[in-house]
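Engineer: Structure file upload17.cif (mmCIF, C-alpha atoms and all ligand atoms) right here:
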```cif
data_upload
#
loop_
_atom_site.label_atom_id
_atom_site.label_comp_id
_atom_site.auth_asym_id
_atom_site.auth_seq_id
_atom_site.Cartn_x
_atom_site.Cartn_y
_atom_site.Cartn_z
CA MET V 230 59.16 181.72 115.67
CA LEU V 231 59.78 183.31 119.04
CA ALA V 232 61.18 181.51 122.08
CA MET V 233 60.17 183.03 125.42
CA ARG V 234 62.16 181.63 128.33
CA GLY V 235 61.17 182.06 131.95
CA THR V 236 63.32 180.92 134.89
CA TRP V 237 61.36 179.75 137.90
CA ARG V 238 62.80 179.59 141.41
CA GLY V 239 61.50 178.37 144.74
CA ALA V 240 60.22 175.21 146.40
CA GLY V 241 58.14 172.49 144.75
CA LEU V 242 59.46 172.89 141.20
CA PRO V 243 59.26 169.85 138.87
CA ARG V 244 62.33 167.63 138.88
CA GLN V 245 61.84 166.28 135.36
CA ALA V 246 61.77 167.61 131.81
CA ARG V 247 58.26 168.28 130.48
CA VAL V 248 57.02 168.99 126.97
CA GLU V 249 53.48 170.04 126.08
CA ALA V 250 51.81 170.98 122.81
CA ILE V 251 49.40 173.89 123.15
CA GLU V 252 47.26 175.53 120.49
CA GLU V 253 49.63 178.52 120.19
CA GLY V 254 52.86 176.48 120.06
CA TRP V 255 54.71 174.24 122.46
CA LEU V 256 56.15 174.45 125.97
CA TRP V 257 59.31 172.82 127.15
CA GLY V 258 60.48 172.75 130.77
CA SER V 259 63.73 171.47 132.21
CA PRO V 260 65.39 171.52 135.64
CA MET V 261 68.60 173.58 135.69
CA PRO V 262 71.86 172.85 137.59
CA ASP V 263 71.19 175.77 140.01
CA ASP V 264 67.84 174.18 141.09
CA SER V 265 65.80 176.64 139.06
CA TYR V 266 63.33 175.45 136.42
CA SER V 267 63.43 176.82 132.90
CA VAL V 268 60.33 176.87 130.72
CA ILE V 269 60.54 177.90 127.07
CA ALA V 270 57.39 178.77 125.13
CA CYS V 271 57.92 178.45 121.36
CA VAL V 272 55.21 180.51 119.66
CA GLU V 273 54.57 182.37 116.42
CA SER V 274 54.73 185.91 117.83
CA GLN V 275 54.83 187.86 121.09
CA ALA V 276 52.26 186.45 123.54
CA ASP V 277 51.39 186.60 127.24
CA TYR V 278 53.89 184.03 128.56
CA PHE V 279 52.20 183.63 131.93
CA ALA V 280 48.74 183.22 130.39
CA LEU V 281 50.08 180.45 128.10
CA LEU V 282 51.48 178.55 131.08
CA ARG V 283 48.35 179.07 133.18
CA ARG V 284 46.23 177.49 130.43
CA SER V 285 48.59 174.48 130.04
CA ALA V 286 48.20 171.12 131.76
CA LEU V 287 51.86 170.58 132.77
CA PHE V 288 52.97 174.09 133.78
CA CYS V 289 49.83 175.66 135.29
CA ASP V 290 51.00 174.97 138.87
CA LEU V 291 54.32 176.84 138.63
CA ARG V 292 54.71 179.49 141.30
CA GLY V 293 57.56 181.89 142.02
CA ALA V 294 58.71 185.12 140.47
CA THR V 295 60.40 184.80 137.09
CA THR V 296 61.92 186.98 134.45
CA VAL V 297 61.10 186.27 130.82
CA HIS V 298 63.63 186.64 127.99
CA THR V 299 62.57 186.46 124.37
CA CYS V 300 64.70 185.53 121.37
CA ASP V 301 64.13 184.80 117.70
CA ALA V 302 64.11 181.05 117.02
CA THR V 303 63.22 181.17 113.32
CA THR V 304 64.99 178.59 111.21
CA TYR V 305 67.36 179.76 108.48
CA ALA V 306 70.05 178.38 106.22
CA ALA V 307 72.89 180.33 104.62
CA ASP V 308 72.83 180.36 100.81
CA ILE V 309 76.61 179.91 100.68
CA VAL V 310 77.99 177.60 103.39
CA CYS V 311 81.53 177.49 102.03
CA ASP V 312 83.81 178.88 99.35
CA ASP V 313 87.56 179.29 98.83
CA ARG V 314 87.98 181.41 101.95
CA LEU V 315 84.91 180.62 104.08
CA LEU V 316 83.40 177.74 106.03
CA ARG V 317 80.23 178.47 107.98
CA VAL V 318 79.97 176.24 111.07
CA GLY V 319 77.06 175.73 113.50
CA ASP V 320 74.43 178.44 113.67
CA ALA V 321 76.51 180.50 111.24
CA SER V 322 75.54 177.88 108.64
CA HIS V 323 71.98 177.10 109.68
CA SER V 324 69.60 177.16 112.60
CA LEU V 325 67.32 174.16 113.14
CA ASP V 326 63.82 174.25 114.58
CA PRO V 327 64.22 173.98 118.38
CA LEU V 328 61.72 171.10 118.27
CA SER V 329 64.57 168.97 116.90
CA SER V 330 66.74 169.64 119.98
CA SER V 331 69.69 168.94 117.71
CA GLY V 332 71.36 172.32 117.17
CA VAL V 333 74.38 171.50 119.34
CA HIS V 334 74.84 168.06 117.78
CA SER V 335 74.58 169.56 114.30
CA ALA V 336 77.08 172.32 115.18
CA MET V 337 79.58 169.78 116.54
CA GLN V 338 79.17 167.57 113.48
CA ALA V 339 79.80 170.59 111.25
CA ALA V 340 82.92 171.47 113.27
CA LEU V 341 84.29 167.92 112.87
CA HIS V 342 83.64 168.02 109.13
CA ALA V 343 85.10 171.52 108.82
CA SER V 344 88.36 170.43 110.47
CA ILE V 345 88.72 167.55 107.96
CA VAL V 346 87.87 169.83 105.05
CA ILE V 347 90.47 172.41 106.14
CA ASN V 348 93.07 169.65 106.65
CA THR V 349 92.37 168.39 103.12
CA ILE V 350 92.56 171.86 101.54
CA LEU V 351 95.89 172.61 103.27
CA ARG V 352 97.61 169.24 102.79
CA ARG V 353 96.00 167.86 99.61
CA PRO V 354 95.10 170.97 97.61
CA GLY V 355 94.20 168.80 94.62
CA ARG V 356 91.20 167.57 96.61
CA ALA V 357 90.03 171.08 97.65
CA ALA V 358 87.04 171.14 95.30
CA ALA V 359 85.87 167.69 96.46
CA ALA V 360 86.32 168.73 100.10
CA LEU V 361 84.19 171.85 99.64
CA ARG V 362 81.54 169.84 97.78
CA PHE V 363 81.49 167.33 100.65
CA TYR V 364 80.98 170.11 103.18
CA ALA V 365 78.25 171.87 101.19
CA ASP V 366 76.41 168.55 100.61
CA ALA V 367 76.62 167.62 104.30
CA GLN V 368 75.28 171.00 105.46
CA ARG V 369 72.45 171.02 102.91
CA ALA V 370 71.52 167.44 103.87
CA ALA V 371 71.42 168.30 107.59
CA VAL V 372 68.97 171.13 106.89
CA ALA V 373 66.80 169.01 104.56
CA GLU V 374 66.66 166.03 106.93
CA HIS V 375 65.78 168.10 109.98
CA ALA V 376 63.21 170.09 108.04
CA ALA V 377 61.50 166.85 106.96
CA TRP V 378 61.56 165.41 110.48
CA THR V 379 60.14 168.53 112.11
CA ARG V 380 57.46 168.95 109.41
CA ARG V 381 56.37 165.40 110.20
CA PHE V 382 56.36 165.99 113.97
CA TYR V 383 54.33 169.19 113.59
CA ALA V 384 51.84 167.39 111.34
CA GLU V 385 51.32 164.65 113.96
CA SER V 386 50.20 167.05 116.70
CA ARG V 387 46.67 166.99 118.07
CA TRP V 388 46.75 170.74 117.30
CA ARG V 389 47.75 170.19 113.66
CA ASP V 390 44.81 172.28 112.37
CA ALA V 391 45.69 175.33 114.50
CA PRO V 392 47.58 178.09 112.58
CA PHE V 393 50.94 177.65 114.41
CA TRP V 394 51.01 173.92 113.68
CA ARG V 395 49.49 174.06 110.20
CA LYS V 396 52.16 176.52 109.08
CA ARG V 397 54.95 174.12 110.10
CA GLY V 398 53.47 170.65 109.53
CA ASN V 399 53.41 168.84 106.26
CA PRO V 400 51.63 165.49 106.17
CA ALA V 401 53.25 164.78 102.78
CA THR V 402 56.47 164.01 104.61
CA MET V 403 54.56 161.29 106.52
CA GLN V 404 53.77 159.30 103.40
CA PRO V 405 56.06 156.27 103.25
CA GLY V 406 57.83 155.66 99.94
CA ASN V 407 58.35 151.89 99.91
CA PRO V 408 56.06 149.54 101.84
CA ALA V 409 57.41 148.70 105.32
CA THR V 410 58.70 145.29 104.24
CA CYS V 411 59.73 143.64 100.99
CA ASP V 412 58.66 140.10 100.15
CA SER V 413 61.66 137.76 100.15
CA ASN V 414 60.87 136.61 96.60
CA ALA V 415 60.05 140.07 95.21
CA ASN V 416 61.82 141.43 92.17
CA VAL V 417 63.76 144.55 93.18
CA MET V 418 65.81 147.11 91.30
CA LEU V 419 67.89 150.23 91.81
CA SER V 420 65.56 153.22 92.17
CA PRO V 421 65.17 155.22 88.91
CA GLY V 422 67.40 158.27 89.28
CA ALA V 423 69.78 156.54 91.69
CA SER V 424 73.30 156.23 90.32
CA ILE V 425 76.74 154.98 91.36
CA ASN V 426 79.44 157.61 90.90
CA ASP V 427 82.54 158.89 92.66
CA VAL V 428 81.39 161.04 95.58
CA PRO V 429 83.43 162.89 98.23
CA CYS V 430 83.60 161.20 101.63
CA VAL V 431 85.74 161.17 104.76
CA ILE V 432 88.64 158.70 104.79
CA GLY V 433 90.63 159.17 107.99
CA ASP V 434 91.56 162.85 108.26
CA PHE V 435 90.94 163.67 104.60
CA VAL V 436 88.13 164.03 102.10
CA GLU V 437 88.58 161.54 99.26
CA LEU V 438 86.54 160.44 96.26
CA ARG V 439 85.02 156.94 96.44
CA PRO V 440 82.24 155.18 94.49
CA GLY V 441 78.98 156.01 96.23
CA VAL V 442 75.25 156.08 95.68
CA ALA V 443 73.45 159.31 94.77
CA GLY V 444 69.84 159.90 93.90
CA PRO V 445 66.94 162.34 94.12
CA ALA V 446 65.35 160.47 97.04
CA LEU V 447 68.54 160.70 99.09
CA PRO V 448 69.38 163.75 101.21
CA ARG V 449 73.04 163.23 100.25
CA PRO V 450 75.19 160.61 98.50
CA PHE V 451 76.51 157.81 100.68
CA VAL V 452 79.55 155.57 100.34
CA TRP V 453 79.13 153.06 103.18
CA ILE V 454 76.16 151.21 104.53
CA GLY V 455 76.29 148.99 107.60
CA GLY V 456 80.05 149.52 107.74
CA VAL V 457 80.76 148.19 104.21
CA PRO V 458 81.17 150.00 100.87
CA ALA V 459 77.72 150.42 99.32
CA ALA V 460 78.66 150.49 95.62
CA PRO V 461 79.83 146.83 95.34
CA LEU V 462 76.56 145.73 96.95
CA LEU V 463 74.55 147.49 94.27
CA ARG V 464 76.67 146.61 91.22
CA PRO V 465 74.84 143.26 90.64
CA ILE V 466 71.52 145.09 90.38
CA GLU V 467 72.75 148.13 88.47
CA ARG V 468 71.63 146.89 85.04
CA ALA V 469 68.71 144.55 85.68
CA PRO V 470 66.23 143.73 88.48
CA MET V 471 66.92 140.74 90.74
CA ARG V 472 64.95 138.70 93.22
CA ARG V 473 65.54 139.91 96.78
CA ASN V 474 66.80 136.48 97.89
CA ALA V 475 69.28 136.25 95.02
CA LEU V 476 70.59 139.73 95.78
CA LEU V 477 71.09 138.84 99.44
CA ALA V 478 72.89 135.63 98.43
CA SER V 479 75.30 137.70 96.30
CA TRP V 480 76.19 139.69 99.44
CA SER V 481 76.99 136.68 101.65
CA LYS V 482 80.74 137.32 101.64
CA MET V 483 80.50 141.12 101.89
CA THR V 484 78.02 141.40 104.78
CA PRO V 485 78.04 137.97 106.48
CA GLY V 486 75.00 137.63 108.75
CA ARG V 487 73.82 141.18 108.08
CA GLU V 488 72.44 140.86 104.56
CA ALA V 489 68.81 141.36 105.62
CA ALA V 490 69.59 144.40 107.80
CA VAL V 491 71.61 146.03 104.99
CA PHE V 492 68.81 145.29 102.51
CA ASP V 493 66.24 146.85 104.86
CA ALA V 494 68.38 149.99 105.20
CA LEU V 495 68.61 150.36 101.40
CA TRP V 496 64.89 149.59 101.04
CA HIS V 497 63.83 152.15 103.65
CA ALA V 498 66.14 154.75 102.10
CA GLY V 499 64.35 154.17 98.79
CA VAL V 500 67.57 153.15 97.01
CA LEU V 501 66.00 149.77 96.19
CA VAL V 502 62.41 149.63 94.93
CA ALA V 503 60.03 146.99 93.66
CA ALA V 504 60.51 146.21 89.96
CA GLY V 505 57.45 146.14 87.76
C1 LIG M 1 65.06 178.53 121.93
C2 LIG M 1 66.14 177.60 121.48
C3 LIG M 1 66.22 176.33 122.04
C4 LIG M 1 67.22 175.46 121.64
N1 LIG M 1 67.30 174.22 122.20
C5 LIG M 1 68.26 173.36 121.84
C6 LIG M 1 68.34 172.06 122.43
O1 LIG M 1 67.55 171.65 123.26
N2 LIG M 1 69.33 171.23 122.03
C7 LIG M 1 70.24 171.61 121.09
O2 LIG M 1 71.12 170.82 120.75
N3 LIG M 1 70.20 172.84 120.53
C8 LIG M 1 69.24 173.73 120.88
N4 LIG M 1 69.19 174.98 120.30
C9 LIG M 1 70.17 175.35 119.27
C10 LIG M 1 71.58 175.54 119.83
O3 LIG M 1 71.57 176.45 120.91
C11 LIG M 1 72.49 176.08 118.72
O4 LIG M 1 72.25 175.39 117.52
C12 LIG M 1 73.97 175.91 119.08
O5 LIG M 1 74.23 176.57 120.31
C13 LIG M 1 74.85 176.47 117.97
O6 LIG M 1 76.19 176.46 118.37
P1 LIG M 1 77.21 177.52 117.79
O7 LIG M 1 78.52 177.20 118.40
O8 LIG M 1 77.10 177.56 116.30
O9 LIG M 1 76.66 178.95 118.25
P2 LIG M 1 76.53 179.52 119.73
O10 LIG M 1 76.25 178.46 120.73
O11 LIG M 1 75.56 180.67 119.61
O12 LIG M 1 77.99 180.06 120.05
C14 LIG M 1 78.51 181.20 119.40
C15 LIG M 1 79.37 181.93 120.41
O13 LIG M 1 80.09 182.95 119.72
C16 LIG M 1 80.05 184.14 120.51
N5 LIG M 1 80.26 185.25 119.59
C17 LIG M 1 79.39 185.79 118.73
N6 LIG M 1 79.95 186.80 118.06
C18 LIG M 1 81.22 186.89 118.49
C19 LIG M 1 82.32 187.72 118.15
N7 LIG M 1 82.22 188.67 117.23
N8 LIG M 1 83.47 187.52 118.80
C20 LIG M 1 83.62 186.55 119.72
N9 LIG M 1 82.60 185.73 120.08
C21 LIG M 1 81.43 185.90 119.47
C22 LIG M 1 78.67 184.10 121.15
O14 LIG M 1 78.65 184.91 122.30
C23 LIG M 1 78.54 182.62 121.49
O15 LIG M 1 79.08 182.30 122.74
C24 LIG M 1 68.18 175.87 120.66
C25 LIG M 1 68.10 177.15 120.11
C26 LIG M 1 67.09 178.00 120.49
C27 LIG M 1 67.02 179.39 119.87
#
```
Can you turn what I pasted into structure tokens?
Ligand SMILES: Cc1cc2nc3c(=O)[nH]c(=O)nc-3n(C[C@H](O)[C@H](O)[C@H](O)COP(=O)(O)OP(=O)(O)OC[C@H]3O[C@@H](n4cnc5c(N)ncnc54)[C@H](O)[C@@H]3O)c2cc1C

Structural biologist:
Amino acid sequence: MLAMRGTWRGAGLPRQARVEAIEEGWLWGSPMPDDSYSVIACVESQADYFALLRRSALFCDLRGATTVHTCDATTYAADIVCDDRLLRVGDASHSLDPLSSSGVHSAMQAALHASIVINTILRRPGRAAAALRFYADAQRAAVAEHAAWTRRFYAESRWRDAPFWRKRGNPATMQPGNPATCDSNANVMLSPGASINDVPCVIGDFVELRPGVAGPALPRPFVWIGGVPAAPLLRPIERAPMRRNALLASWSKMTPGREAAVFDALWHAGVLVAAG
């Protein structure tokens, strides 16, 4: 993917951010602090920037000389994000599709995690392997989650059959796993493949091992849900299915008043599924 950015100056420029899908890609405009207006065209390959904007609905009226800079915006992910002497952070680890608008957030999240991983390696060397596993899992999950989100967004476009959009969209990621809601009397069980094991997680300034939930449908293992440890919630259902209401009743002391919300989170994550 190429990103072509033009900076527009002069009177009468839009004062708001604008986003438009076009057949060849998508356009994204935003006002800048110096009163200029920046418009990025994300396209497959080199194109006539000004012709793209002229044919658009939201940017066709722009007037004023501009320079256009082009950069590569292709997504990538490093094969090795960390080892004994290396932690890749931010774009050095992976680059997300600009449609996600999340590269800075992801880079800051990686930096926070990296600082905790380094602290653990230096001060609790016995936990070094768990810390590196935590970091690698978190980075891989960020890439997988964003890839799924952007594939879904691209597949929803009115231009989804045009080559640019078809290449990036995947309607399969739009198919819901579980139904939207679960009947209160339904029999539910732990998803096949989901398991409760010790997984690395952040406790304060360190990476520690705690019982967590892992499974093929999950981008990464998790230890807490709704602010409480997840494993004790799932222990009652680990061996045999239970009625949803009975499961919620068993949580009354652990998640007072939030049983239904916690259940919905586990249901939507595909950790709990209908039994039989
Ligand atoms: C077209 C496009 C649009 C985007 N839009 C968004 C958006 O809307 N929202 C969003 O959150 N993200 C967006 N991103 C992604 C975002 O810009 C990056 O993910 C984010 O900046 C990564 O942060 P970073 O610190 O890893 O890298 P960078 O921000 O690239 O910082 C790395 C810094 O290191 C410096 N550097 C490089 N080599 C050396 C060296 N040898 N010595 C010293 N310094 C060096 C560089 O000059 C640079 O300042 C977009 C990306 C693209 C390509």

Engineer: Would you mind listing the residues within 10 Å of ligand LIG 1 (chain M), counting only C-alpha atoms and all ligand atoms, as an NGL selection string?

Structural biologist: :V and (230-234 or 257 or 259 or 269-271 or 299-304 or 317-337 or 339-340)

Engineer: Find the residue from V:Ala423, V:Met418, V:Gly486, V:Val452 that sits nearest to Gly505 of chain V; use all atoms listed in the file when measuring.

Structural biologist: V:Met418

Engineer: Can you work out which one of V:Ser424, V:Asn416, V:Thr236, V:Ser386 has the shortest atom-to-atom distance to Arg472 of chain V, counting only C-alpha atoms?

Structural biologist: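 Of all the options, V:Asn416 lies closest to Arg472 of chain V.
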
Engineer: Quick one: distance from atom CA of Ala359 of chain V to atom CA of Gly433 of chain V in Å, one decimal?

Structural biologist: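 These atoms are spaced 15.1 Å apart.
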
Engineer: For Pro429 of chain V, which of V:Val442, V:Leu282, V:Ala240, V:Ala469 is the closest residue, counting all atoms listed in the file?

Structural biologist: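 Ranking V:Val442, V:Leu282, V:Ala240, V:Ala469 by distance to Pro429 of chain V, first place goes to V:Val442.
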
Engineer: Give as a CSV table (one decimal) with C-alpha atoms, in the coordinates of the input the set of residues within 10 Å of the point (53.1, 181.0, 139.6), where distances use the file's coordinates and all atoms listed in the file.

Structural biologist:
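Result file follows (out09.csv):
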```
chain,number,residue,atom,x,y,z
V,237,TRP,CA,61.4,179.8,137.9
V,238,ARG,CA,62.8,179.6,141.4
V,279,PHE,CA,52.2,183.6,131.9
V,282,LEU,CA,51.5,178.6,131.1
V,283,ARG,CA,48.4,179.1,133.2
V,288,PHE,CA,53.0,174.1,133.8
V,289,CYS,CA,49.8,175.7,135.3
V,290,ASP,CA,51.0,175.0,138.9
V,291,LEU,CA,54.3,176.8,138.6
V,292,ARG,CA,54.7,179.5,141.3
V,293,GLY,CA,57.6,181.9,142.0
V,294,ALA,CA,58.7,185.1,140.5
V,295,THR,CA,60.4,184.8,137.1
```

Engineer: As an exercise, work out the distance from atom CA of Gly441 of chain V to atom CA of Ile425 of chain V in Å and give it to one decimal place.

Structural biologist: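 Atom-to-atom, atom CA of Gly441 of chain V to atom CA of Ile425 of chain V, that is 5.5 Å.
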
Engineer: Could you pull the residues within 6 Å of Arg473 of chain V, counting all atoms listed in the file, minus those fewer than 2 positions along the same chain, as a ChimeraX atom specification?

Structural biologist: /V:413-415,475-476

Engineer: At what distance in Å, to one decimal, does atom CA of Pro408 of chain V lie from atom CA of Ala489 of chain V?

Structural biologist: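 Atom-to-atom, atom CA of Ala489 of chain V to atom CA of Pro408 of chain V, that is 15.6 Å.
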
Engineer: Could you tell me which of V:Phe363, V:Ala250, V:Leu256, V:Ala459 comes closest to Val431 of chain V if we count all atoms listed in the file?

Structural biologist: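 Checking each candidate against Val431 of chain V, we get V:Phe363 as the closest.
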
Engineer: If you count only C-alpha atoms, which residues fall within 10 Å of Ser344 of chain V, apart from same-chain ones fewer than 5 positions away, as a ChimeraX atom specification?

Structural biologist: /V:316,339,349-350,434-435

Engineer: Go ahead and write the selection's residues with C-alpha atoms as a PDB file, in the coordinates of the input.

Structural biologist:
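Saved result, selection_33.pdb, follows:
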```
ATOM      1  CA  LEU V 316      83.400 177.740 106.030  1.00  0.00           C
ATOM      2  CA  ALA V 339      79.800 170.590 111.250  1.00  0.00           C
ATOM      3  CA  THR V 349      92.370 168.390 103.120  1.00  0.00           C
ATOM      4  CA  ILE V 350      92.560 171.860 101.540  1.00  0.00           C
ATOM      5  CA  ASP V 434      91.560 162.850 108.260  1.00  0.00           C
ATOM      6  CA  PHE V 435      90.940 163.670 104.600  1.00  0.00           C
TER       7      PHE V 435
END
```

Engineer: Considering all atoms listed in the file, return as a list in words whatever protein or nucleic-acid residues lie within 8 Å of Ala391 of chain V, sequence-local ones (same chain, fewer than 4 positions apart) excluded.

Structural biologist: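 Result of the neighbour search: Glu252, Glu253 and Arg395 of chain V.
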
Engineer: How close does segment 417-437 of chain V get to segment 491-499 of chain V? List, as CSV, each residue of segment 417-437 of chain V within 12 Å, its nearest atom pair and the distance in Å to one decimal, counting all atoms listed in the file.

Structural biologist:
```
residue,atom,partner,partner_atom,distance
V:Val417,CA,V:Trp496,CA,9.4
V:Met418,CA,V:Trp496,CA,10.1
V:Leu419,CA,V:Gly499,CA,8.8
V:Ser420,CA,V:Gly499,CA,6.8
V:Pro421,CA,V:Gly499,CA,10.0
V:Gly422,CA,V:Gly499,CA,10.8
V:Ala423,CA,V:Gly499,CA,9.2
```
